[in-house]
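K.L.:
Just one file: run.cif, with mmCIF, C-alpha atoms and all ligand atoms.
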data_upload
#
loop_
_atom_site.label_atom_id
_atom_site.label_comp_id
_atom_site.auth_asym_id
_atom_site.auth_seq_id
_atom_site.Cartn_x
_atom_site.Cartn_y
_atom_site.Cartn_z
CA MET A 1 14.99 -140.13 -39.12
CA PRO A 2 14.89 -136.44 -38.12
CA SER A 3 14.62 -133.95 -40.99
CA PRO A 4 17.49 -131.46 -41.43
CA ILE A 5 14.89 -128.99 -42.73
CA ILE A 6 14.07 -126.61 -39.89
CA THR A 7 12.37 -123.21 -39.54
CA THR A 8 14.15 -121.01 -37.06
CA ILE A 9 12.40 -118.22 -35.24
CA GLN A 10 14.59 -115.69 -37.08
CA SER A 11 13.33 -116.78 -40.52
CA HIS A 12 9.77 -117.01 -39.18
CA ILE A 13 9.91 -113.49 -37.74
CA LEU A 14 11.20 -112.11 -41.05
CA GLU A 15 8.26 -113.73 -42.87
CA GLN A 16 5.80 -112.44 -40.26
CA GLN A 17 7.12 -108.89 -40.40
CA GLN A 18 6.70 -108.80 -44.16
CA GLN A 19 3.03 -109.73 -43.58
CA SER A 20 2.55 -107.37 -40.63
CA GLY A 21 3.98 -104.42 -42.51
CA GLU A 22 6.53 -103.56 -39.82
CA ALA A 23 9.68 -101.88 -41.09
CA SER A 24 11.94 -104.42 -42.77
CA GLY A 25 14.64 -105.73 -40.48
CA THR A 26 13.87 -103.41 -37.55
CA PHE A 27 11.22 -105.66 -36.09
CA SER A 28 13.15 -108.89 -36.42
CA TRP A 29 16.33 -107.22 -35.09
CA MET A 30 14.33 -106.18 -32.02
CA LEU A 31 12.71 -109.57 -31.51
CA SER A 32 16.16 -111.15 -31.85
CA GLY A 33 17.11 -109.14 -28.75
CA ILE A 34 14.40 -111.00 -26.86
CA THR A 35 15.39 -114.42 -28.18
CA LEU A 36 19.04 -113.77 -27.24
CA ALA A 37 18.14 -112.62 -23.72
CA THR A 38 15.86 -115.62 -23.16
CA LYS A 39 18.60 -118.03 -24.29
CA MET A 40 20.89 -116.44 -21.70
CA ILE A 41 18.15 -116.77 -19.06
CA ALA A 42 17.47 -120.40 -20.02
CA ALA A 43 21.18 -121.22 -19.70
CA GLU A 44 21.32 -119.63 -16.24
CA ILE A 45 18.17 -121.40 -15.05
CA ARG A 46 19.50 -124.78 -16.24
CA LYS A 47 22.46 -124.33 -13.89
CA ALA A 48 20.34 -123.19 -10.92
CA GLY A 49 21.65 -124.94 -7.84
CA LEU A 50 25.17 -125.08 -9.25
CA ASN A 51 25.79 -121.39 -9.81
CA ASP A 52 24.58 -119.71 -6.68
CA VAL A 53 21.47 -118.25 -8.33
CA TYR A 54 19.04 -119.85 -5.91
CA GLY A 55 17.44 -117.68 -3.33
CA ALA A 56 16.70 -114.05 -2.77
CA ALA A 57 18.86 -111.23 -4.02
CA GLY A 58 18.24 -109.32 -0.80
CA ALA A 59 16.17 -106.54 -2.40
CA THR A 60 12.48 -106.06 -3.07
CA ASN A 61 11.01 -104.92 -6.39
CA VAL A 62 8.36 -102.30 -7.09
CA GLN A 63 5.73 -104.94 -6.35
CA GLY A 64 7.15 -105.31 -2.84
CA GLU A 65 8.23 -108.86 -3.73
CA ALA A 66 11.58 -110.26 -2.68
CA GLN A 67 13.73 -110.23 -5.80
CA GLN A 68 15.30 -113.62 -6.53
CA LYS A 69 18.86 -113.65 -7.84
CA LEU A 70 17.56 -114.96 -11.16
CA ASP A 71 15.06 -112.08 -11.33
CA VAL A 72 18.01 -109.69 -11.30
CA PHE A 73 19.94 -111.70 -13.88
CA ALA A 74 16.92 -112.01 -16.18
CA ASN A 75 16.10 -108.32 -15.89
CA GLU A 76 19.66 -107.29 -16.69
CA ALA A 77 19.76 -109.67 -19.67
CA MET A 78 16.55 -108.20 -21.12
CA LEU A 79 17.59 -104.59 -20.45
CA HIS A 80 21.03 -105.17 -21.99
CA CYS A 81 19.95 -107.10 -25.10
CA LEU A 82 17.03 -104.77 -25.87
CA GLY A 83 18.70 -101.53 -24.86
CA MET A 84 21.25 -102.14 -27.61
CA ARG A 85 18.53 -102.06 -30.29
CA ASP A 86 18.30 -98.47 -31.53
CA SER A 87 14.69 -99.04 -32.62
CA VAL A 88 13.73 -99.28 -28.92
CA ALA A 89 12.43 -96.01 -27.47
CA ALA A 90 11.62 -97.28 -23.97
CA LEU A 91 11.63 -100.41 -21.83
CA ILE A 92 9.18 -101.15 -19.00
CA SER A 93 10.08 -104.00 -16.68
CA GLU A 94 8.23 -105.54 -13.74
CA GLU A 95 11.53 -105.20 -11.88
CA ASN A 96 12.00 -101.46 -12.51
CA ASP A 97 9.96 -98.80 -10.68
CA GLU A 98 10.25 -96.41 -13.63
CA PRO A 99 10.41 -96.89 -17.42
CA VAL A 100 13.88 -96.87 -19.01
CA ILE A 101 13.64 -94.17 -21.69
CA PHE A 102 16.34 -93.88 -24.37
CA ASN A 103 16.64 -90.33 -25.63
CA ARG A 104 17.62 -91.36 -29.13
CA SER A 105 17.84 -88.77 -31.85
CA GLY A 106 15.70 -88.96 -34.95
CA ASP A 107 12.65 -91.06 -35.52
CA LYS A 108 14.21 -94.56 -35.49
CA ALA A 109 13.29 -95.27 -31.86
CA LYS A 110 9.80 -96.47 -32.60
CA TYR A 111 9.12 -99.32 -30.21
CA ILE A 112 8.21 -99.65 -26.56
CA ILE A 113 8.78 -103.06 -25.02
CA VAL A 114 7.20 -104.08 -21.72
CA PHE A 115 8.21 -107.30 -20.02
CA ASP A 116 8.21 -109.48 -16.96
CA PRO A 117 11.74 -110.85 -17.15
CA LEU A 118 11.12 -113.86 -14.94
CA ASP A 119 7.56 -114.53 -13.88
CA GLY A 120 6.96 -117.04 -11.11
CA SER A 121 10.57 -116.84 -9.99
CA SER A 122 9.72 -117.93 -6.45
CA ASN A 123 9.28 -121.38 -8.03
CA ILE A 124 12.89 -121.54 -9.19
CA ASP A 125 14.19 -122.95 -5.91
CA VAL A 126 11.77 -125.87 -6.15
CA ASN A 127 12.55 -126.51 -9.82
CA VAL A 128 9.12 -125.54 -11.16
CA ASN A 129 8.58 -123.95 -14.62
CA VAL A 130 9.00 -120.17 -14.83
CA GLY A 131 8.68 -117.76 -17.72
CA THR A 132 9.47 -114.50 -19.48
CA ILE A 133 6.56 -112.47 -20.88
CA PHE A 134 6.82 -109.54 -23.32
CA SER A 135 4.63 -107.14 -25.25
CA ILE A 136 5.65 -104.62 -27.93
CA PHE A 137 3.95 -101.35 -28.86
CA ARG A 138 4.78 -98.79 -31.52
CA ARG A 139 5.29 -95.16 -30.60
CA PRO A 140 2.78 -93.37 -32.86
CA ASP A 141 4.44 -90.81 -35.18
CA GLY A 142 4.67 -87.39 -33.59
CA VAL A 143 3.88 -88.75 -30.11
CA SER A 144 6.51 -88.40 -27.36
CA VAL A 145 7.81 -91.58 -25.74
CA GLU A 146 6.33 -90.52 -22.40
CA ASP A 147 2.90 -90.12 -23.98
CA ALA A 148 3.15 -93.51 -25.71
CA LEU A 149 3.88 -95.63 -22.63
CA LEU A 150 0.26 -96.35 -21.64
CA GLN A 151 -1.61 -97.91 -24.56
CA PRO A 152 -4.45 -100.47 -24.49
CA GLY A 153 -3.60 -104.07 -25.36
CA THR A 154 -5.36 -103.70 -28.72
CA LYS A 155 -2.37 -101.59 -29.82
CA GLN A 156 0.23 -104.35 -29.33
CA VAL A 157 2.28 -105.13 -32.46
CA ALA A 158 3.87 -108.27 -30.97
CA ALA A 159 3.50 -110.30 -27.79
CA GLY A 160 4.90 -113.54 -26.48
CA TYR A 161 6.36 -115.58 -23.70
CA VAL A 162 9.05 -118.15 -23.06
CA VAL A 163 8.28 -121.03 -20.71
CA TYR A 164 11.40 -122.56 -19.12
CA GLY A 165 10.29 -126.12 -18.47
CA PRO A 166 11.45 -129.60 -19.49
CA SER A 167 12.12 -127.79 -22.75
CA THR A 168 12.35 -124.07 -23.41
CA VAL A 169 9.44 -122.97 -25.60
CA PHE A 170 9.02 -119.51 -27.18
CA VAL A 171 5.45 -118.61 -28.18
CA TYR A 172 4.60 -115.36 -29.97
CA THR A 173 2.12 -113.53 -32.16
CA THR A 174 2.35 -110.45 -34.37
CA GLY A 175 -1.34 -110.63 -35.19
CA ASN A 176 -1.06 -113.44 -37.75
CA GLY A 177 -1.78 -116.40 -35.47
CA VAL A 178 0.26 -117.93 -32.66
CA HIS A 179 3.47 -119.86 -33.26
CA GLY A 180 5.69 -121.88 -30.91
CA PHE A 181 9.39 -122.68 -31.09
CA THR A 182 11.46 -125.08 -29.03
CA LEU A 183 15.03 -124.20 -28.12
CA ASP A 184 17.35 -126.85 -29.55
CA PRO A 185 20.31 -126.75 -27.14
CA ALA A 186 22.46 -128.65 -29.64
CA ILE A 187 22.38 -125.74 -32.10
CA GLY A 188 21.30 -122.91 -29.78
CA ALA A 189 18.35 -122.02 -32.01
CA TYR A 190 14.61 -121.73 -31.44
CA VAL A 191 13.08 -124.15 -33.98
CA LEU A 192 9.42 -124.11 -35.11
CA SER A 193 7.58 -126.81 -33.17
CA PHE A 194 3.97 -125.54 -32.93
CA ALA A 195 2.76 -123.80 -36.12
CA ASN A 196 -0.55 -121.89 -35.93
CA MET A 197 -1.49 -122.86 -32.37
CA LYS A 198 -5.22 -123.09 -31.73
CA MET A 199 -6.78 -123.23 -28.28
CA PRO A 200 -9.45 -125.99 -28.00
CA GLU A 201 -13.05 -124.67 -27.93
CA GLN A 202 -13.46 -126.27 -24.50
CA GLY A 203 -10.93 -127.99 -22.23
CA ALA A 204 -10.76 -130.37 -19.30
CA TYR A 205 -8.92 -128.18 -16.78
CA TYR A 206 -9.69 -125.17 -14.65
CA SER A 207 -6.83 -123.35 -12.98
CA VAL A 208 -7.31 -121.11 -9.93
CA ASN A 209 -5.76 -120.70 -6.48
CA GLU A 210 -8.53 -122.39 -4.47
CA ALA A 211 -7.01 -121.08 -1.21
CA ASN A 212 -8.62 -117.73 -2.08
CA TYR A 213 -12.04 -119.32 -2.72
CA ASP A 214 -13.75 -117.88 0.36
CA THR A 215 -12.83 -114.33 -0.63
CA PHE A 216 -13.92 -114.61 -4.28
CA PRO A 217 -17.00 -112.60 -5.31
CA GLU A 218 -20.11 -114.84 -5.28
CA THR A 219 -20.33 -115.10 -9.08
CA TYR A 220 -16.88 -116.72 -9.25
CA LYS A 221 -17.86 -119.22 -6.54
CA GLN A 222 -20.99 -120.10 -8.53
CA TYR A 223 -18.86 -120.52 -11.66
CA LEU A 224 -16.39 -122.85 -9.96
CA THR A 225 -19.28 -124.90 -8.58
CA GLU A 226 -20.63 -125.24 -12.13
CA LEU A 227 -17.24 -126.42 -13.39
CA ARG A 228 -17.03 -128.97 -10.58
CA THR A 229 -20.58 -130.31 -10.96
CA GLY A 230 -20.79 -130.77 -14.73
CA GLY A 231 -22.56 -127.48 -15.34
CA LEU A 232 -20.67 -127.03 -18.61
CA GLY A 233 -21.58 -130.51 -19.81
CA GLN A 234 -18.41 -132.26 -18.66
CA THR A 235 -16.19 -132.91 -15.66
CA TYR A 236 -13.00 -130.90 -15.05
CA SER A 237 -9.70 -131.49 -13.31
CA SER A 238 -8.03 -128.72 -11.33
CA ARG A 239 -4.47 -127.79 -12.25
CA TYR A 240 -2.65 -124.89 -10.60
CA ILE A 241 1.12 -124.59 -10.95
CA GLY A 242 1.30 -121.11 -9.47
CA SER A 243 3.48 -119.94 -12.35
CA LEU A 244 1.36 -117.89 -14.75
CA VAL A 245 3.28 -118.77 -17.91
CA ALA A 246 3.12 -122.50 -17.16
CA ASP A 247 -0.60 -122.38 -16.31
CA PHE A 248 -1.28 -120.33 -19.42
CA HIS A 249 0.81 -122.55 -21.73
CA ARG A 250 -1.15 -125.63 -20.60
CA THR A 251 -4.42 -123.75 -21.16
CA LEU A 252 -3.30 -122.73 -24.66
CA LEU A 253 -2.44 -126.32 -25.57
CA LYS A 254 -5.17 -128.25 -23.70
CA GLY A 255 -7.94 -125.66 -23.35
CA GLY A 256 -9.98 -124.91 -20.24
CA VAL A 257 -9.72 -121.76 -18.16
CA PHE A 258 -7.19 -119.95 -15.95
CA LEU A 259 -8.56 -117.34 -13.60
CA TYR A 260 -7.17 -114.99 -11.00
CA PRO A 261 -10.31 -113.29 -9.62
CA PRO A 262 -10.41 -110.26 -7.32
CA THR A 263 -9.53 -111.20 -3.72
CA VAL A 264 -9.68 -109.32 -0.42
CA LYS A 265 -5.90 -108.85 -0.57
CA GLN A 266 -5.99 -107.80 -4.24
CA PRO A 267 -9.48 -106.33 -4.93
CA LYS A 268 -8.29 -105.18 -8.39
CA GLY A 269 -6.70 -108.55 -9.09
CA LYS A 270 -3.06 -109.58 -8.63
CA LEU A 271 -1.72 -109.95 -12.15
CA ARG A 272 -0.18 -107.00 -13.97
CA LEU A 273 -1.98 -105.60 -16.98
CA LEU A 274 0.89 -104.41 -19.19
CA TYR A 275 3.34 -107.30 -19.05
CA GLU A 276 1.24 -110.27 -17.93
CA ALA A 277 -2.45 -109.99 -18.82
CA ASN A 278 -2.20 -108.06 -22.11
CA PRO A 279 0.34 -110.26 -23.93
CA LEU A 280 -1.33 -113.49 -22.83
CA ALA A 281 -4.79 -112.10 -23.65
CA TRP A 282 -3.72 -111.27 -27.21
CA ILE A 283 -2.14 -114.69 -27.68
CA ALA A 284 -5.29 -116.35 -26.35
CA GLU A 285 -7.51 -114.38 -28.75
CA GLN A 286 -5.18 -115.01 -31.69
CA ALA A 287 -5.44 -118.74 -30.90
CA GLY A 288 -9.27 -118.63 -30.81
CA GLY A 289 -9.65 -118.24 -27.04
CA ARG A 290 -10.82 -115.28 -24.94
CA ALA A 291 -9.51 -113.07 -22.12
CA LEU A 292 -11.57 -110.96 -19.72
CA SER A 293 -10.79 -108.76 -16.74
CA GLY A 294 -14.15 -109.30 -15.08
CA ASN A 295 -15.29 -105.94 -16.48
CA GLY A 296 -14.86 -106.70 -20.16
CA ARG A 297 -12.10 -107.56 -22.59
CA VAL A 298 -8.59 -107.27 -21.14
CA LEU A 299 -7.22 -105.78 -24.36
CA GLU A 300 -9.60 -102.81 -24.18
CA ILE A 301 -8.45 -101.60 -20.75
CA ASN A 302 -6.86 -98.15 -20.94
CA PRO A 303 -3.95 -98.38 -18.51
CA GLU A 304 -3.46 -95.61 -15.95
CA SER A 305 -0.07 -96.71 -14.65
CA ILE A 306 2.67 -99.02 -15.88
CA HIS A 307 2.42 -101.49 -12.97
CA GLU A 308 -1.35 -101.56 -12.59
CA ARG A 309 -3.02 -104.87 -11.81
CA THR A 310 -6.10 -106.61 -13.14
CA SER A 311 -8.19 -109.71 -12.60
CA LEU A 312 -7.74 -112.21 -15.40
CA ILE A 313 -9.97 -114.91 -16.83
CA VAL A 314 -8.31 -116.45 -19.89
CA GLY A 315 -8.94 -119.64 -21.82
CA SER A 316 -11.28 -121.49 -24.15
CA ARG A 317 -14.30 -119.78 -25.62
CA VAL A 318 -16.86 -122.08 -23.96
CA GLU A 319 -15.54 -121.61 -20.43
CA VAL A 320 -14.90 -117.87 -20.73
CA ASP A 321 -18.27 -117.22 -22.43
CA ARG A 322 -20.00 -118.94 -19.48
CA LEU A 323 -18.28 -116.79 -16.86
CA GLU A 324 -18.96 -113.66 -18.91
CA LYS A 325 -22.68 -114.56 -18.94
CA LEU A 326 -22.70 -115.06 -15.17
CA LEU A 327 -20.89 -111.75 -14.62
CA GLN A 328 -23.36 -109.81 -16.78
P1 LIG A 401 -0.76 -116.91 -6.01
C1 LIG A 401 3.86 -115.61 -9.53
O1 LIG A 401 4.26 -114.89 -8.38
C2 LIG A 401 2.63 -114.93 -10.08
O2 LIG A 401 2.86 -113.60 -10.37
C3 LIG A 401 2.14 -115.68 -11.31
O3 LIG A 401 3.17 -116.29 -12.00
C4 LIG A 401 1.18 -116.68 -10.74
O4 LIG A 401 0.13 -117.02 -11.63
C5 LIG A 401 0.62 -115.97 -9.52
O5 LIG A 401 1.59 -115.01 -9.11
C6 LIG A 401 0.36 -116.93 -8.38
O6 LIG A 401 -0.21 -116.16 -7.33
O7 LIG A 401 -1.40 -115.79 -5.21
O8 LIG A 401 -1.77 -117.93 -6.47
O9 LIG A 401 0.44 -117.53 -5.36
#
Starting from the file, lay out its structure as C-alpha cells.
P.N.:
Amino acid sequence: MPSPIITTIQSHILEQQQQSGEASGTFSWMLSGITLATKMIAAEIRKAGLNDVYGAAGATNVQGEAQQKLDVFANEAMLHCLGMRDSVAALISEENDEPVIFNRSGDKAKYIIVFDPLDGSSNIDVNVNVGTIFSIFRRPDGVSVEDALLQPGTKQVAAGYVVYGPSTVFVYTTGNGVHGFTLDPAIGAYVLSFANMKMPEQGAYYSVNEANYDTFPETYKQYLTELRTGGLGQTYSSRYIGSLVADFHRTLLKGGVFLYPPTVKQPKGKLRLLYEANPLAWIAEQAGGRALSGNGRVLEINPESIHERTSLIVGSRVEVDRLEKLLQ
C-alpha cells in the first residue's frame, strides 16, 4: 500500500536552505525555476518522435556541435524559467557563446547559474538517457557580475543534474549531502526517492570510451589494464553509455569510476569544467566519492573561460585514489 506521505523537492529545498544559510525563499524560488524547466524538458523528451523534435536544428553551438532541436528547446526553457527569477544575476549555458547578464538594479541579483541544458542530446534520436546539469554560484558582495563569472568549483552553493531515463530523476546538493527525487508524472512533482545518497567505496564498473585507448597517456593505459586484470582486488565490467549524466548517475549509485582522459583530439580533455565537471565533482565528493582532473582536484581549478574543458576522473574513493597514485 503506497504511503500518501511524500517529501517534495520544494519542501526539501526549503529545509536545506535554512541549513545552508542562503536567504530565505530566494534560493528555493531559484531552484524551483530549474525544476520547472526540467519538467518541461522531460515532457518534450517523452514525446520525441511524435513532435518533430528529433534531429538537428540546423545550427551549431559554441562547441562546434550540431545543435539538436531538443537542445534549443531545453536551452530556451532554462533561460526563460531562470531569467524570470530576479535573484539571478547571470546565466551561462553550454548553448550560448556569451553569458546572459541581467542588469538588475539593487543587490537582489546575487546568483550566477551555469548549465548544460541537455547533455548527450545526440543520443535522443536513439532513445538513450540524456540529462540537464546545473551549478549555482553566489556573486560576492561588492563584486561585479562580470568579475564573478569565473569561480572555482569550491565556491558552488548548489549543484545538480536531472537524468531523463526510464524515470526522470533530479539529484542535487547544497553542501549537506546528496539527495535524489523522482518525477511522479501523476502529480507533476519531484518526490524524494534517494535520501542522503552515498557512493560505494569501490564499485564493479569502469566507464571510458575505449575507442580512444591508443591515444591515452601511458598512465591511463596502465590503470585500465589494472582494472581489467584484478589489480584493484576484483574484476570489473565496462559500461559506457556515452551520455555523461547517465554514466555518472550509475557511478553514483553503483560505484566504480568514470573517466574521460586527455586524447589527441582533446589534449585538455573533452568535458566542460563549469557546467559538467564541477557540478558532478561536488556531488561525487558530497556522496563520499572523489573527482580529479588529472592534475588535482576538479573543484580547485580556477577557470579562465566559461567554456573551458577538462579531463575528468570521477567515482569511488578506491578507484580514484589508485589513479591519483599512478599519476603522481
Ligand atoms: P565521446 C555527450 O556529447 C558528451 O558531452 C557527454 O555526455 C559524454 O560523456 C561524452 O560527450 C561522450 O563523448 O567522445 O565518448 O563520444
K.L.:
Can I get the residues of chain A within 10 Å of ligand LIG 401 (chain A), each with the closest pair of atoms and their distance in Å to one decimal, using all atoms listed in the file, sorted chain first then ascending number, as a tab-separated table?
P.N.:
residue	atom	partner	partner_atom	distance
A:Gln63	CA	A:LIG401	O2	10.0
A:Glu65	CA	A:LIG401	O1	8.6
A:Asp116	CA	A:LIG401	O2	9.4
A:Leu118	CA	A:LIG401	O3	8.8
A:Asp119	CA	A:LIG401	O3	5.1
A:Gly120	CA	A:LIG401	C1	3.8
A:Ser121	CA	A:LIG401	O1	6.8
A:Ser122	CA	A:LIG401	O1	6.5
A:Asn123	CA	A:LIG401	C1	8.1
A:Asn129	CA	A:LIG401	O3	9.7
A:Val130	CA	A:LIG401	O3	7.6
A:Gly131	CA	A:LIG401	O3	8.1
A:Thr132	CA	A:LIG401	O3	9.9
A:Ser207	CA	A:LIG401	O4	9.5
A:Val208	CA	A:LIG401	O8	7.3
A:Asn209	CA	A:LIG401	O8	4.9
A:Glu210	CA	A:LIG401	O8	8.3
A:Ala211	CA	A:LIG401	O8	8.1
A:Asn212	CA	A:LIG401	O7	8.1
A:Tyr240	CA	A:LIG401	O8	8.1
A:Ile241	CA	A:LIG401	O4	7.7
A:Gly242	CA	A:LIG401	C6	4.4
A:Ser243	CA	A:LIG401	O3	3.7
A:Leu244	CA	A:LIG401	O4	3.5
A:Val245	CA	A:LIG401	O3	6.4
A:Ala246	CA	A:LIG401	O3	8.1
A:Asp247	CA	A:LIG401	O4	7.2
A:Phe248	CA	A:LIG401	O4	8.6
A:Phe258	CA	A:LIG401	O4	9.0
A:Leu259	CA	A:LIG401	O4	8.9
A:Tyr260	CA	A:LIG401	O4	7.6
A:Thr263	CA	A:LIG401	O7	9.5
A:Lys265	CA	A:LIG401	O7	9.5
A:Gln266	CA	A:LIG401	O7	9.3
A:Gly269	CA	A:LIG401	O7	9.8
A:Lys270	CA	A:LIG401	O5	7.2
A:Leu271	CA	A:LIG401	O2	6.1
A:Arg272	CA	A:LIG401	O2	8.1
A:Glu276	CA	A:LIG401	O2	8.4
A:Leu312	CA	A:LIG401	O4	10.0
K.L.:
Between A:Ala59, A:Gly175, A:Ile45, A:Pro152, single out the one closest to Gln19 in chain A, counting all atoms listed in the file.
P.N.:
A:Gly175
K.L.:
Might you pull out every residue within 12 Å of Ile13 in chain A, with all atoms listed in the file counted and same-chain residues fewer than 4 positions away left off, and present them as a count of residues only?
P.N.:
33
K.L.:
Which one of A:Val320, A:Arg104, A:Arg309, A:Met199 sits closest to Leu227 in chain A if you count all atoms listed in the file?
P.N.:
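With all atoms listed in the file as the atom set, the closest residue is A:Val320.
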K.L.:
So which one's closest to Tyr164 in chain A, A:Pro117, A:Gly256, A:Gly177, A:Gly106? Using only C-alpha atoms, please.
P.N.:
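The closest residue to Tyr164 in chain A is A:Pro117.
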K.L.:
Between A:Leu149, A:Leu91, A:Val143, A:Ile41, single out the one closest to Val72 in chain A, counting all atoms listed in the file.
P.N.:
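Closest to Val72 in chain A of all the choices is A:Ile41.
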K.L.:
Could range 181-248 of chain A be written out with C-alpha atoms, as a tab-separated table (two decimals), in the first residue's frame, please?
P.N.:
chain	number	residue	atom	x	y	z
A	181	PHE	CA	13.93	12.88	-6.36
A	182	THR	CA	11.83	11.02	-8.91
A	183	LEU	CA	9.31	12.90	-11.02
A	184	ASP	CA	5.85	11.48	-10.37
A	185	PRO	CA	4.03	12.19	-13.65
A	186	ALA	CA	0.68	11.58	-11.97
A	187	ILE	CA	1.10	14.65	-9.76
A	188	GLY	CA	3.82	16.51	-11.68
A	189	ALA	CA	6.06	16.70	-8.61
A	190	TYR	CA	9.61	15.60	-7.87
A	191	VAL	CA	9.27	13.27	-4.85
A	192	LEU	CA	12.14	12.24	-2.54
A	193	SER	CA	13.31	8.80	-3.61
A	194	PHE	CA	17.03	8.70	-2.65
A	195	ALA	CA	17.78	10.43	0.69
A	196	ASN	CA	21.45	11.04	1.56
A	197	MET	CA	22.98	9.22	-1.41
A	198	LYS	CA	26.36	7.63	-0.72
A	199	MET	CA	28.72	6.39	-3.41
A	200	PRO	CA	30.09	2.88	-2.63
A	201	GLU	CA	33.76	2.86	-1.52
A	202	GLN	CA	34.55	0.66	-4.53
A	203	GLY	CA	32.39	-0.44	-7.45
A	204	ALA	CA	32.22	-3.08	-10.16
A	205	TYR	CA	32.20	-0.85	-13.25
A	206	TYR	CA	34.66	1.31	-15.11
A	207	SER	CA	33.36	3.70	-17.74
A	208	VAL	CA	35.54	5.09	-20.53
A	209	ASN	CA	35.39	5.42	-24.32
A	210	GLU	CA	37.79	2.58	-25.18
A	211	ALA	CA	37.94	3.75	-28.81
A	212	ASN	CA	40.35	6.45	-27.59
A	213	TYR	CA	42.55	3.92	-25.74
A	214	ASP	CA	45.53	4.15	-28.10
A	215	THR	CA	45.76	7.92	-27.65
A	216	PHE	CA	45.50	7.90	-23.83
A	217	PRO	CA	48.64	8.88	-21.90
A	218	GLU	CA	50.52	5.74	-20.76
A	219	THR	CA	49.47	6.07	-17.11
A	220	TYR	CA	45.79	5.77	-18.07
A	221	LYS	CA	46.52	2.67	-20.16
A	222	GLN	CA	48.32	1.12	-17.18
A	223	TYR	CA	45.35	1.99	-14.96
A	224	LEU	CA	42.83	0.39	-17.31
A	225	THR	CA	44.99	-2.73	-17.51
A	226	GLU	CA	44.98	-2.91	-13.70
A	227	LEU	CA	41.18	-2.62	-13.64
A	228	ARG	CA	40.88	-5.39	-16.24
A	229	THR	CA	43.37	-7.77	-14.60
A	230	GLY	CA	42.23	-7.63	-10.98
A	231	GLY	CA	44.84	-5.09	-9.93
A	232	LEU	CA	42.37	-3.49	-7.54
A	233	GLY	CA	41.48	-6.81	-5.94
A	234	GLN	CA	38.40	-7.55	-8.04
A	235	THR	CA	37.12	-7.89	-11.59
A	236	TYR	CA	35.27	-5.05	-13.35
A	237	SER	CA	32.69	-4.75	-16.09
A	238	SER	CA	32.88	-1.96	-18.64
A	239	ARG	CA	29.83	0.27	-19.04
A	240	TYR	CA	29.84	3.30	-21.34
A	241	ILE	CA	26.54	4.92	-22.32
A	242	GLY	CA	28.16	7.94	-23.93
A	243	SER	CA	25.82	10.26	-22.03
A	244	LEU	CA	27.72	11.84	-19.13
A	245	VAL	CA	24.74	12.20	-16.79
A	246	ALA	CA	23.70	8.57	-17.28
A	247	ASP	CA	27.26	7.27	-16.80
A	248	PHE	CA	27.68	9.46	-13.74
